[in-house]
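J.: This is entry.cif (mmCIF, C-alpha atoms).
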```cif
data_entry
loop_
_atom_site.label_atom_id
_atom_site.label_comp_id
_atom_site.auth_asym_id
_atom_site.auth_seq_id
_atom_site.Cartn_x
_atom_site.Cartn_y
_atom_site.Cartn_z
CA MET E 1 107.48 134.10 155.50
CA ARG E 2 107.05 134.88 151.83
CA PRO E 3 107.74 132.04 149.44
CA ALA E 4 110.71 132.40 147.14
CA VAL E 5 109.86 133.87 143.79
CA ILE E 6 110.09 131.29 141.05
CA PRO E 7 110.98 132.58 137.60
CA PRO E 8 107.95 132.07 135.30
CA GLN E 9 109.77 129.82 132.86
CA ARG E 10 111.00 127.51 135.60
CA ARG E 11 107.52 127.31 137.10
CA VAL E 12 106.04 126.32 133.75
CA ARG E 13 108.62 123.61 133.29
CA GLU E 14 108.02 122.18 136.75
CA GLU E 15 104.28 122.10 136.26
CA THR E 16 104.18 120.64 132.80
CA GLY E 17 107.36 118.61 132.72
CA TRP E 18 108.52 116.95 129.57
CA ALA E 19 105.78 118.25 127.30
CA GLU E 20 106.70 121.84 128.06
CA ARG E 21 110.40 121.19 127.69
CA ARG E 22 109.60 119.86 124.25
CA ALA E 23 107.81 123.08 123.39
CA LEU E 24 110.66 125.21 124.72
CA ARG E 25 113.17 123.18 122.71
CA LEU E 26 116.60 122.24 123.86
CA PRO E 27 119.55 124.17 122.48
CA ALA E 28 120.35 123.12 118.94
CA ASP E 29 123.80 122.00 120.01
CA ARG E 30 122.21 119.32 122.15
CA GLN E 31 120.56 117.74 119.16
CA LEU E 32 121.96 115.09 116.89
CA SER E 33 120.23 114.17 113.63
CA ILE E 34 121.05 110.80 112.14
CA ALA E 35 119.51 108.41 109.64
CA ILE E 36 119.81 104.64 109.79
CA GLY E 37 118.31 102.65 106.95
CA GLN E 38 117.16 105.99 105.51
CA ILE E 39 114.96 106.58 108.56
CA PRO E 40 115.88 110.00 109.94
CA PHE E 41 115.51 110.99 113.56
CA THR E 42 116.78 113.73 115.82
CA LEU E 43 118.05 112.85 119.26
CA HIS E 44 117.43 115.57 121.86
CA PHE E 45 119.89 115.12 124.71
CA SER E 46 119.60 116.38 128.25
CA GLU E 47 123.20 115.49 129.09
CA ASP E 48 126.30 116.68 127.26
CA HIS E 49 128.43 113.59 127.91
CA LEU E 50 125.91 111.35 126.16
CA LEU E 51 125.66 113.76 123.25
CA ASP E 52 129.45 113.60 122.85
CA LYS E 53 129.49 109.80 122.91
CA ALA E 54 126.60 109.55 120.46
CA GLY E 55 128.21 112.10 118.18
CA GLN E 56 131.27 109.89 117.92
CA ARG E 57 129.36 106.62 117.63
CA TYR E 58 126.99 107.80 114.90
CA ALA E 59 129.40 110.12 113.08
CA ARG E 60 128.94 108.30 109.79
CA PHE E 61 125.17 108.39 110.06
CA ARG E 62 124.62 112.10 110.64
CA CYS E 63 122.12 113.70 108.37
CA CYS E 64 119.84 116.66 107.85
CA ASP E 65 117.00 117.20 110.31
CA GLY E 66 114.16 118.06 107.93
CA LYS E 67 111.35 115.62 108.71
CA ALA E 68 113.22 113.62 111.31
CA LEU E 69 111.35 111.88 114.12
CA PRO E 70 112.25 113.63 117.40
CA ILE E 71 113.54 111.38 120.17
CA PHE E 72 113.73 112.97 123.60
CA LEU E 73 116.13 111.54 126.14
CA GLY E 74 115.54 112.17 129.81
CA SER E 75 114.29 110.88 133.09
CA ASP E 76 111.24 113.10 133.39
CA PRO E 77 108.33 111.03 134.71
CA SER E 78 105.64 112.92 132.81
CA PRO E 79 103.85 110.89 130.14
CA LEU E 80 103.96 111.46 126.42
CA PRO E 81 101.37 114.03 125.37
CA ASP E 82 99.83 111.76 122.74
CA ALA E 83 98.77 108.14 122.43
CA ILE E 84 101.53 105.58 122.87
CA ARG E 85 101.89 103.38 119.80
CA PHE E 86 104.64 101.22 121.20
CA ALA E 87 106.46 100.82 124.51
CA TYR E 88 109.31 98.57 125.53
CA ALA E 89 111.52 98.30 128.62
CA LEU E 90 115.07 97.03 128.49
CA ASP E 91 116.66 96.65 131.93
CA ASP E 92 116.46 100.14 133.45
CA ALA E 93 115.93 101.91 130.14
CA SER E 94 112.72 102.22 128.17
CA VAL E 95 111.36 103.51 124.89
CA ARG E 96 107.91 104.90 124.18
CA LEU E 97 106.75 105.85 120.73
CA GLY E 98 103.92 108.30 120.19
CA SER E 99 102.40 109.49 116.95
CA ASP E 100 104.96 112.23 116.35
CA ALA E 101 107.81 111.65 118.81
CA ALA E 102 109.61 109.03 120.84
CA HIS E 103 110.93 109.22 124.37
CA PHE E 104 113.86 107.31 125.81
CA ARG E 105 114.22 107.04 129.56
CA GLY E 106 116.99 105.72 131.76
CA VAL E 107 119.72 106.03 129.11
CA ARG E 108 122.92 106.16 131.15
CA HIS E 109 125.47 105.32 128.46
CA GLU E 110 125.86 105.01 124.72
CA TYR E 111 125.29 101.24 124.77
CA ALA E 112 121.83 101.67 126.26
CA LEU E 113 121.14 104.36 123.65
CA ASP E 114 122.26 101.96 120.94
CA SER E 115 119.92 99.26 122.26
CA LEU E 116 116.91 101.57 122.40
CA ILE E 117 117.55 102.84 118.88
CA ARG E 118 117.56 99.24 117.66
CA VAL E 119 114.29 98.54 119.46
CA LEU E 120 112.70 101.64 117.96
CA LEU E 121 114.05 100.93 114.49
CA SER E 122 112.57 97.42 114.55
CA VAL E 123 109.13 99.04 114.83
CA LEU E 124 109.69 101.97 112.47
CA LEU E 125 111.01 99.69 109.73
CA LEU E 126 107.93 97.48 109.47
CA PRO E 127 105.65 99.87 107.54
CA ARG E 128 108.66 100.72 105.38
CA ARG E 129 109.11 97.07 104.42
CA GLY E 130 112.27 96.54 106.40
CA PHE E 131 113.63 94.58 109.32
CA LEU E 132 116.72 94.08 111.49
CA LEU E 133 118.48 90.74 111.34
CA HIS E 134 121.26 89.23 113.44
CA ALA E 135 123.66 89.04 110.54
CA ALA E 136 127.00 90.13 109.19
CA THR E 137 126.91 91.73 105.75
CA VAL E 138 129.84 91.74 103.38
CA VAL E 139 129.92 93.63 100.08
CA ARG E 140 131.57 92.01 97.07
CA GLU E 141 131.48 93.48 93.59
CA GLY E 142 128.69 95.84 94.54
CA ARG E 143 126.37 93.24 96.03
CA ALA E 144 125.59 92.43 99.64
CA TYR E 145 126.05 88.95 101.08
CA VAL E 146 124.15 88.61 104.33
CA PHE E 147 125.31 85.93 106.80
CA THR E 148 122.77 85.25 109.51
CA GLY E 149 122.89 83.16 112.64
CA ARG E 150 122.62 83.34 116.37
CA SER E 151 125.47 84.22 118.67
CA GLY E 152 128.44 81.95 117.99
CA ALA E 153 127.23 80.93 114.53
CA GLY E 154 130.21 82.59 112.86
CA LYS E 155 129.10 86.09 111.89
CA SER E 156 132.20 87.74 113.25
CA THR E 157 134.35 85.00 111.74
CA VAL E 158 132.86 85.71 108.32
CA ALA E 159 133.55 89.40 108.81
CA SER E 160 137.13 88.78 109.91
CA LEU E 161 137.75 86.55 106.87
CA SER E 162 136.53 89.23 104.46
CA PRO E 163 138.67 91.91 102.81
CA PRO E 164 139.17 95.18 104.71
CA GLY E 165 136.47 97.72 103.89
CA SER E 166 134.03 95.11 102.60
CA VAL E 167 132.13 94.61 105.86
CA LEU E 168 128.93 96.61 106.05
CA THR E 169 128.20 95.31 109.54
CA ASP E 170 129.33 92.29 111.53
CA GLU E 171 126.44 92.00 113.97
CA ILE E 172 123.09 93.49 112.98
CA SER E 173 122.03 93.97 109.38
CA LEU E 174 119.22 96.19 108.20
CA LEU E 175 117.35 94.93 105.14
CA ARG E 176 114.77 97.04 103.39
CA PHE E 177 112.78 96.85 100.17
CA SER E 178 113.04 99.97 98.03
CA GLU E 179 113.30 100.84 94.35
CA ASP E 180 111.92 97.39 93.47
CA ALA E 181 114.72 95.50 95.20
CA TRP E 182 115.92 94.40 98.62
CA HIS E 183 118.90 96.34 99.93
CA ALA E 184 121.24 95.89 102.87
CA HIS E 185 121.91 99.14 104.70
CA GLY E 186 124.93 99.84 106.83
CA THR E 187 124.25 100.19 110.54
CA PRO E 188 126.27 101.57 113.43
CA PHE E 189 125.55 98.38 115.40
CA TRP E 190 128.72 96.36 115.46
CA GLY E 191 129.97 93.34 117.42
CA GLU E 192 133.38 91.77 117.97
CA PHE E 193 134.73 92.97 114.64
CA ARG E 194 134.45 96.59 115.78
CA ALA E 195 133.70 97.88 112.31
CA GLU E 196 132.19 101.32 112.59
CA GLY E 197 129.64 100.69 109.89
CA ALA E 198 129.41 102.29 106.49
CA ASN E 199 126.39 104.44 105.79
CA ARG E 200 125.33 103.12 102.40
CA LYS E 201 122.89 100.70 100.85
CA VAL E 202 123.74 97.80 98.59
CA PRO E 203 121.49 95.40 96.63
CA VAL E 204 121.26 92.02 98.33
CA ALA E 205 122.81 89.07 96.47
CA GLY E 206 121.63 86.49 98.99
CA ILE E 207 121.08 85.60 102.63
CA TYR E 208 123.12 82.74 104.06
CA SER E 209 122.07 80.93 107.21
CA LEU E 210 125.31 79.85 108.89
CA VAL E 211 125.94 76.27 109.94
CA GLN E 212 129.38 75.14 111.08
CA ALA E 213 130.34 71.92 109.28
CA PRO E 214 133.41 69.90 108.23
CA GLU E 215 132.94 70.96 104.60
CA ASP E 216 131.90 74.09 102.71
CA ARG E 217 128.68 73.86 100.70
CA VAL E 218 125.50 75.82 100.08
CA GLU E 219 121.94 74.64 99.84
CA GLN E 220 119.20 76.91 98.52
CA LEU E 221 116.08 77.07 100.66
CA SER E 222 112.48 77.26 99.54
CA ALA E 223 110.51 80.34 100.56
CA LYS E 224 108.92 78.56 103.53
CA GLU E 225 112.29 77.19 104.64
CA ALA E 226 113.75 80.68 104.23
CA LEU E 227 111.05 82.19 106.43
CA ARG E 228 111.79 79.58 109.08
CA ALA E 229 115.52 80.28 108.84
CA LEU E 230 115.02 84.04 109.20
CA LEU E 231 112.51 84.08 112.06
CA PRO E 232 114.85 83.04 114.92
CA ASN E 233 117.33 85.76 113.93
CA ILE E 234 115.00 88.72 113.66
CA LEU E 235 115.20 91.60 116.13
CA PHE E 236 111.60 92.15 117.05
CA PHE E 237 110.23 93.58 120.26
CA ALA E 238 106.57 94.32 119.60
CA SER E 239 103.92 92.20 121.29
CA SER E 240 100.85 93.31 119.38
CA LYS E 241 99.05 91.28 116.75
CA PRO E 242 99.07 93.96 114.00
CA GLU E 243 102.82 94.45 114.26
CA THR E 244 103.46 90.71 114.34
CA GLU E 245 101.29 90.29 111.24
CA ALA E 246 103.25 93.10 109.58
CA LEU E 247 106.50 91.34 110.43
CA LEU E 248 105.27 88.07 108.90
CA SER E 249 104.20 89.96 105.79
CA VAL E 250 107.56 91.69 105.36
CA LEU E 251 109.56 88.52 106.04
CA SER E 252 107.44 86.45 103.66
CA ALA E 253 108.03 89.03 100.94
CA ALA E 254 111.78 88.84 101.57
CA ALA E 255 111.74 85.03 101.65
CA GLU E 256 109.97 84.95 98.29
CA LYS E 257 112.15 87.55 96.58
CA VAL E 258 115.66 87.14 98.01
CA PRO E 259 117.65 83.92 97.44
CA VAL E 260 118.20 82.33 100.85
CA TYR E 261 120.69 79.56 101.43
CA ARG E 262 121.99 77.40 104.22
CA LEU E 263 125.77 77.79 104.25
CA TYR E 264 127.72 74.94 105.77
CA PHE E 265 131.22 76.26 106.41
CA ARG E 266 134.48 75.45 108.16
CA ARG E 267 135.23 78.88 109.59
CA HIS E 268 137.81 79.72 106.98
CA ALA E 269 137.74 81.87 103.85
CA GLY E 270 137.13 78.89 101.55
CA PHE E 271 133.38 79.40 101.90
CA TRP E 272 133.56 82.18 99.30
CA GLU E 273 134.39 79.57 96.69
CA VAL E 274 131.12 77.68 97.17
CA ILE E 275 129.16 80.94 97.26
CA SER E 276 130.69 82.09 94.00
CA ALA E 277 130.29 78.68 92.31
CA MET Y 278 75.99 65.24 120.20
CA THR Y 279 76.95 67.95 117.70
CA GLU Y 280 80.59 68.93 117.39
CA PRO Y 281 81.54 72.58 117.81
CA ARG Y 282 82.89 74.75 115.02
CA LEU Y 283 86.61 75.41 114.97
CA VAL Y 284 88.08 78.89 114.86
CA HIS Y 285 91.58 80.38 115.04
CA ASN Y 286 92.64 81.89 118.33
CA PRO Y 287 92.06 85.57 117.51
CA LEU Y 288 95.14 86.64 119.46
CA LEU Y 289 97.51 84.98 117.01
CA ALA Y 290 99.26 86.31 113.92
CA TRP Y 291 99.75 83.82 111.11
CA ARG Y 292 100.68 83.51 107.48
CA ALA Y 293 100.64 80.75 104.88
CA ILE Y 294 103.65 80.47 102.62
CA GLU Y 295 103.90 77.75 99.97
CA GLY Y 296 100.90 76.00 101.52
CA GLU Y 297 102.31 75.80 105.03
CA VAL Y 298 101.29 77.95 107.95
CA VAL Y 299 103.52 79.80 110.38
CA ILE Y 300 101.83 81.11 113.51
CA ILE Y 301 103.30 83.55 116.01
CA SER Y 302 101.88 84.24 119.42
CA PRO Y 303 102.59 87.99 119.81
CA GLU Y 304 102.36 87.85 123.58
CA ASP Y 305 105.28 85.46 124.10
CA SER Y 306 106.83 85.45 120.58
CA VAL Y 307 106.48 81.67 120.31
CA VAL Y 308 106.57 80.48 116.70
CA HIS Y 309 104.51 77.46 115.61
CA GLU Y 310 105.20 75.85 112.25
CA LEU Y 311 102.50 73.58 110.84
CA ASN Y 312 103.13 70.80 108.35
CA ALA Y 313 101.04 70.48 105.19
CA THR Y 314 98.22 68.46 106.78
CA ALA Y 315 97.96 70.63 109.86
CA SER Y 316 98.06 73.70 107.61
CA PHE Y 317 95.15 72.32 105.61
CA VAL Y 318 93.11 71.80 108.79
CA TRP Y 319 94.07 75.31 109.95
CA MET Y 320 92.95 76.89 106.68
CA GLN Y 321 89.56 75.17 106.91
CA ALA Y 322 88.96 76.21 110.51
CA ASN Y 323 86.98 79.32 109.65
CA GLY Y 324 84.49 79.29 112.51
CA GLU Y 325 81.87 77.54 110.39
CA ARG Y 326 83.18 73.99 110.05
CA THR Y 327 83.21 71.13 112.52
CA PRO Y 328 86.10 68.64 112.71
CA GLU Y 329 83.84 66.17 110.88
CA GLU Y 330 83.29 68.59 108.02
CA ILE Y 331 87.00 69.37 107.84
CA ALA Y 332 87.75 65.62 107.77
CA VAL Y 333 85.55 65.24 104.69
CA LEU Y 334 87.56 67.96 102.93
CA LEU Y 335 90.84 66.42 104.09
CA ALA Y 336 89.81 62.99 102.74
CA ALA Y 337 89.06 64.53 99.35
CA GLU Y 338 92.26 66.60 99.28
CA TYR Y 339 94.61 63.77 100.22
CA GLU Y 340 92.57 60.88 98.77
CA VAL Y 341 92.44 58.91 102.01
CA ALA Y 342 89.64 56.89 103.57
CA PRO Y 343 87.05 59.00 105.42
CA GLU Y 344 87.58 57.22 108.73
CA GLU Y 345 91.34 57.71 108.47
CA ALA Y 346 90.87 61.40 107.66
CA LEU Y 347 88.52 61.83 110.62
CA ALA Y 348 90.95 60.15 113.01
CA ASP Y 349 93.82 62.33 111.74
CA THR Y 350 91.72 65.48 111.92
CA ARG Y 351 90.62 64.79 115.49
CA GLU Y 352 94.19 64.13 116.52
CA LEU Y 353 95.42 67.32 114.87
CA VAL Y 354 92.59 69.40 116.31
CA ALA Y 355 93.27 68.05 119.81
CA HIS Y 356 96.92 69.00 119.41
CA LEU Y 357 96.17 72.50 118.08
CA GLU Y 358 93.56 73.08 120.79
CA ALA Y 359 95.97 71.94 123.48
CA LYS Y 360 98.39 74.61 122.28
CA ARG Y 361 95.55 77.18 122.20
CA LEU Y 362 96.01 77.74 118.48
CA LEU Y 363 92.51 76.55 117.58
CA LEU Y 364 89.42 77.15 119.68
CA SER Y 365 85.96 75.66 119.62
CA SER Y 366 83.51 78.37 118.72
CA PRO Y 367 80.95 78.51 121.56
CA ALA Y 368 78.62 80.94 119.72
CA ALA Y 369 78.29 78.67 116.73
CA GLU Y 370 77.94 75.67 119.03
CA GLY Y 371 75.19 77.43 120.98
CA SER Y 372 73.29 78.44 117.88
CA ARG Y 373 73.30 74.84 116.69
CA HIS Y 374 71.82 73.65 119.95
CA GLY Y 375 69.30 76.49 119.94
#
```
Starting from the file, give its structure as structure tokens.
T.:
Amino acid sequence: MRPAVIPPQRRVREETGWAERRALRLPADRQLSIAIGQIPFTLHFSEDHLLDKAGQRYARFRCCDGKALPIFLGSDPSPLPDAIRFAYALDDASVRLGSDAAHFRGVRHEYALDSLIRVLLSVLLLPRRGFLLHAATVVREGRAYVFTGRSGAGKSTVASLSPPGSVLTDEISLLRFSEDAWHAHGTPFWGEFRAEGANRKVPVAGIYSLVQAPEDRVEQLSAKEALRALLPNILFFASSKPETEALLSVLSAAAEKVPVYRLYFRRHAGFWEVISA
Amino acid sequence: MTEPRLVHNPLLAWRAIEGEVVIISPEDSVVHELNATASFVWMQANGERTPEEIAVLLAAEYEVAPEEALADTRELVAHLEAKRLLLSSPAAEGSRHG
């Protein structure tokens, strides 16, 4: 019995897997270009429903696709065609970063996509003098106030006690040094407050490490104390020495340049008075 | 018996800020924060100095008695070695014996 004839293009794709699909390119309408923290990347989707969800979730972060890093989503088992710079697995999903592209596997819903983008961003930001911090950021009079702390520290409370439209993010803040100053960038990563995130950057006024207390007061930290306050709240997934050294370098620079405080607060809006004092 | 030279565990990332050292183990993300004295010992552990030699420097830096500095240094080194932050340099130790 003669074997069924396989169309040439299909045969090529079966033999060479993901690498060939990359060369063939997915339809343009299955691509979504966004920039977070001024880092552009283009998501190449293999499933329409995820593209739709991502399109809604990152609507405010869409951008041009000039020199964007391509990110390919799929479950193809073939390896990346070039050396892997970074790899990380998160439950059933994983991210691998090569020299000119990244590949996400096992992304079944927009929340997994969100998580993998955060993981990837944490690596991409380092050489650009930036980092992700568990923090809510509120903009007042054109300056960003960054409130950091672990889960339950009061980030969402701070966001909920701030004027409408002033919250840049209530969960994960992106800080980056550019134009001779540290800036807070809006992110699409939100928490309980459900703010959708504004896509803009604002000069940082200060970072406040949250401590619940019976009174409102602030205490400025030295650079070494600031580094110690920041470290537990950093989103960092790399396990290599060079990347860890890069993180320490970036954080030390931030700790030396940005005023960092410990904010003792009572979970009510009165804390703004001690910040402004 | 000659004491070995002390060297940083090469797997670790570290940084000194305002005279105090923060060390991160990339493999498990554990952060170690050293106080001023431990930071001083860490900074002197360059693979060429023994604990005795570091104690001499510590005594001069902090103006303490040599025997007190040596006791403190040995205690600190034992602690840092137990946590695998500092290692005894076998190559340097071997070359001394040779």
J.: Counting only C-alpha atoms, which residues of chain E come no farther than 10 Å from chain Y, as an MDAnalysis selection string?
T.: chainID E and resid 222:225 227:228 231:232 236:249 252:253 255:256
J.: So how many Å separate atom CA of Y:Ser316 and atom CA of E:Leu230, to one decimal?
T.: 19.9 Å
J.: Pick out the closest residue to E:Ser162 from this set: E:Trp182, E:Tyr145, E:Phe177, E:Tyr88. Count only C-alpha atoms.
T.: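 Using only C-alpha atoms, the shortest distance to E:Ser162 belongs to E:Tyr145.
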J.: Run through the PyMOL selection byres ((chain E and resi 50) around 9) on the given coordinates and return the selected residues as a PyMOL selection string.
T.: chain E and resi 45-49+51-55+107-110+113
J.: Given the PyMOL selection byres ((chain E and resi 62-75) around 9) and the file above, list the residues it selects as an NGL selection string.
T.: :E and (18 or 22 or 32-36 or 39-47 or 55 or 58-61 or 76-78 or 97 or 100-107)
J.: Counting all atoms listed in the file, which of Y:Thr327, Y:Thr314, Y:Thr350, Y:Gln321 gets nearest to Y:Arg282?
T.: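 Among Y:Thr327, Y:Thr314, Y:Thr350, Y:Gln321, it is Y:Thr327 that comes nearest to Y:Arg282.
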J.: For E:Ser178, which residue among E:Lys155, E:Arg262, E:Lys201, E:Arg217 is the nearest when counting only C-alpha atoms?
T.: E:Lys201
J.: Assuming 6 Å of padding per side, give the centre and edge lengths of the axis-aligned box around every listed atom of stretch 327-336 of chain Y, in Å to one decimal and as AutoDock Vina command-line options.
T.:
```
--center_x 87.0 --center_y 67.1 --center_z 107.7 --size_x 19.6 --size_y 20.1 --size_z 22.0
```
J.: Do you have the atom CA of E:Arg267-atom CA of E:Thr157 distance handy?
T.: 6.5 Å
J.: Between atom CA of E:Leu168 and atom CA of E:Tyr264, measure the distance and give it in Å to one decimal.
T.: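 It comes out at 21.7 Å.
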J.: Set the distance at 10 Å and use only C-alpha atoms: which residues neighbour Y:Glu329 once local chain neighbours fewer than 2 positions away are removed? I'd like the list as JSON, numbers by chain.
T.: {"Y": [279, 280, 281, 282, 326, 327, 331, 332, 333, 334, 335, 343, 344, 346, 347, 348, 350, 351]}
J.: (120.3, 91.8, 109.4) in this file's frame - what residues fall within 12 Å of it? Use all atoms listed in the file and give the answer as a ChimeraX atom specification.
T.: /E:37,118,122,130-138,144-150,155,168-176,182-187,189-190,204,206-209,230-236,251,254
J.: Could you take the residues named above and write them with C-alpha atoms, as a CSV table (one decimal), in the coordinates of the input?
T.:
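See part_11.csv below for the written result:
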```
chain,number,residue,atom,x,y,z
E,37,GLY,CA,118.3,102.6,107.0
E,118,ARG,CA,117.6,99.2,117.7
E,122,SER,CA,112.6,97.4,114.6
E,130,GLY,CA,112.3,96.5,106.4
E,131,PHE,CA,113.6,94.6,109.3
E,132,LEU,CA,116.7,94.1,111.5
E,133,LEU,CA,118.5,90.7,111.3
E,134,HIS,CA,121.3,89.2,113.4
E,135,ALA,CA,123.7,89.0,110.5
E,136,ALA,CA,127.0,90.1,109.2
E,137,THR,CA,126.9,91.7,105.8
E,138,VAL,CA,129.8,91.7,103.4
E,144,ALA,CA,125.6,92.4,99.6
E,145,TYR,CA,126.0,89.0,101.1
E,146,VAL,CA,124.2,88.6,104.3
E,147,PHE,CA,125.3,85.9,106.8
E,148,THR,CA,122.8,85.2,109.5
E,149,GLY,CA,122.9,83.2,112.6
E,150,ARG,CA,122.6,83.3,116.4
E,155,LYS,CA,129.1,86.1,111.9
E,168,LEU,CA,128.9,96.6,106.0
E,169,THR,CA,128.2,95.3,109.5
E,170,ASP,CA,129.3,92.3,111.5
E,171,GLU,CA,126.4,92.0,114.0
E,172,ILE,CA,123.1,93.5,113.0
E,173,SER,CA,122.0,94.0,109.4
E,174,LEU,CA,119.2,96.2,108.2
E,175,LEU,CA,117.4,94.9,105.1
E,176,ARG,CA,114.8,97.0,103.4
E,182,TRP,CA,115.9,94.4,98.6
E,183,HIS,CA,118.9,96.3,99.9
E,184,ALA,CA,121.2,95.9,102.9
E,185,HIS,CA,121.9,99.1,104.7
E,186,GLY,CA,124.9,99.8,106.8
E,187,THR,CA,124.2,100.2,110.5
E,189,PHE,CA,125.6,98.4,115.4
E,190,TRP,CA,128.7,96.4,115.5
E,204,VAL,CA,121.3,92.0,98.3
E,206,GLY,CA,121.6,86.5,99.0
E,207,ILE,CA,121.1,85.6,102.6
E,208,TYR,CA,123.1,82.7,104.1
E,209,SER,CA,122.1,80.9,107.2
E,230,LEU,CA,115.0,84.0,109.2
E,231,LEU,CA,112.5,84.1,112.1
E,232,PRO,CA,114.8,83.0,114.9
E,233,ASN,CA,117.3,85.8,113.9
E,234,ILE,CA,115.0,88.7,113.7
E,235,LEU,CA,115.2,91.6,116.1
E,236,PHE,CA,111.6,92.2,117.0
E,251,LEU,CA,109.6,88.5,106.0
E,254,ALA,CA,111.8,88.8,101.6
```
J.: Considering only C-alpha atoms, can you say which of Y:Ala355, Y:Lys360, Y:Ser365, Y:His285 comes closest to Y:Met320?
T.: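 Ranked by minimum distance to Y:Met320, first place goes to Y:His285.
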J.: Counting all atoms listed in the file, find residues at most 10 Å from (134.2, 77.0, 107.1) (file frame) and give them as an mmCIF file with C-alpha atoms, keeping the file's coordinate frame.
T.:
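File point_37.cif, as written:
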```cif
data_model
loop_
_atom_site.group_PDB
_atom_site.id
_atom_site.type_symbol
_atom_site.label_atom_id
_atom_site.label_comp_id
_atom_site.auth_asym_id
_atom_site.auth_seq_id
_atom_site.Cartn_x
_atom_site.Cartn_y
_atom_site.Cartn_z
ATOM 1 C CA GLY E 154 130.210 82.590 112.860
ATOM 2 C CA THR E 157 134.350 85.000 111.740
ATOM 3 C CA VAL E 158 132.860 85.710 108.320
ATOM 4 C CA LEU E 210 125.310 79.850 108.890
ATOM 5 C CA VAL E 211 125.940 76.270 109.940
ATOM 6 C CA GLN E 212 129.380 75.140 111.080
ATOM 7 C CA ALA E 213 130.340 71.920 109.280
ATOM 8 C CA PRO E 214 133.410 69.900 108.230
ATOM 9 C CA GLU E 215 132.940 70.960 104.600
ATOM 10 C CA ASP E 216 131.900 74.090 102.710
ATOM 11 C CA ARG E 217 128.680 73.860 100.700
ATOM 12 C CA LEU E 263 125.770 77.790 104.250
ATOM 13 C CA TYR E 264 127.720 74.940 105.770
ATOM 14 C CA PHE E 265 131.220 76.260 106.410
ATOM 15 C CA ARG E 266 134.480 75.450 108.160
ATOM 16 C CA ARG E 267 135.230 78.880 109.590
ATOM 17 C CA HIS E 268 137.810 79.720 106.980
ATOM 18 C CA ALA E 269 137.740 81.870 103.850
ATOM 19 C CA GLY E 270 137.130 78.890 101.550
ATOM 20 C CA PHE E 271 133.380 79.400 101.900
ATOM 21 C CA TRP E 272 133.560 82.180 99.300
#
```
J.: Taking only C-alpha atoms into account, name the residue in Y:Ala359, Y:Val307, Y:Val354, Y:Ala342 that is nearest to Y:Ala322.
T.: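 Among Y:Ala359, Y:Val307, Y:Val354, Y:Ala342, it is Y:Val354 that comes nearest to Y:Ala322.
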J.: Will you model N, CA, C and O atoms for stretch 322-330 of chain Y and pass it back as a JSON list (two decimals), keeping the file's coordinate frame?
T.:
```json
[["chain", "number", "residue", "atom", "x", "y", "z"],
["Y", 322, "ALA", "N", 89.58, 75.87, 109.22],
["Y", 322, "ALA", "CA", 88.96, 76.21, 110.51],
["Y", 322, "ALA", "C", 88.54, 77.68, 110.49],
["Y", 322, "ALA", "O", 89.23, 78.56, 111.01],
["Y", 323, "ASN", "N", 87.42, 77.93, 109.87],
["Y", 323, "ASN", "CA", 86.98, 79.32, 109.65],
["Y", 323, "ASN", "C", 85.83, 79.73, 110.56],
["Y", 323, "ASN", "O", 85.14, 80.71, 110.30],
["Y", 324, "GLY", "N", 85.58, 78.95, 111.60],
["Y", 324, "GLY", "CA", 84.49, 79.29, 112.51],
["Y", 324, "GLY", "C", 83.15, 78.73, 112.06],
["Y", 324, "GLY", "O", 82.15, 78.88, 112.76],
["Y", 325, "GLU", "N", 83.14, 78.08, 110.91],
["Y", 325, "GLU", "CA", 81.87, 77.54, 110.39],
["Y", 325, "GLU", "C", 81.90, 76.02, 110.25],
["Y", 325, "GLU", "O", 80.86, 75.40, 110.05],
["Y", 326, "ARG", "N", 83.08, 75.43, 110.29],
["Y", 326, "ARG", "CA", 83.18, 73.99, 110.05],
["Y", 326, "ARG", "C", 83.50, 73.23, 111.34],
["Y", 326, "ARG", "O", 84.28, 73.68, 112.17],
["Y", 327, "THR", "N", 82.90, 72.03, 111.42],
["Y", 327, "THR", "CA", 83.21, 71.13, 112.52],
["Y", 327, "THR", "C", 84.41, 70.27, 112.12],
["Y", 327, "THR", "O", 84.75, 70.19, 110.93],
["Y", 328, "PRO", "N", 85.04, 69.58, 113.07],
["Y", 328, "PRO", "CA", 86.10, 68.64, 112.71],
["Y", 328, "PRO", "C", 85.63, 67.60, 111.70],
["Y", 328, "PRO", "O", 86.39, 67.21, 110.81],
["Y", 329, "GLU", "N", 84.38, 67.16, 111.83],
["Y", 329, "GLU", "CA", 83.84, 66.17, 110.88],
["Y", 329, "GLU", "C", 83.82, 66.73, 109.46],
["Y", 329, "GLU", "O", 84.20, 66.06, 108.50],
["Y", 330, "GLU", "N", 83.37, 67.95, 109.35],
["Y", 330, "GLU", "CA", 83.29, 68.59, 108.02],
["Y", 330, "GLU", "C", 84.69, 68.81, 107.45],
["Y", 330, "GLU", "O", 84.92, 68.67, 106.24]]
```
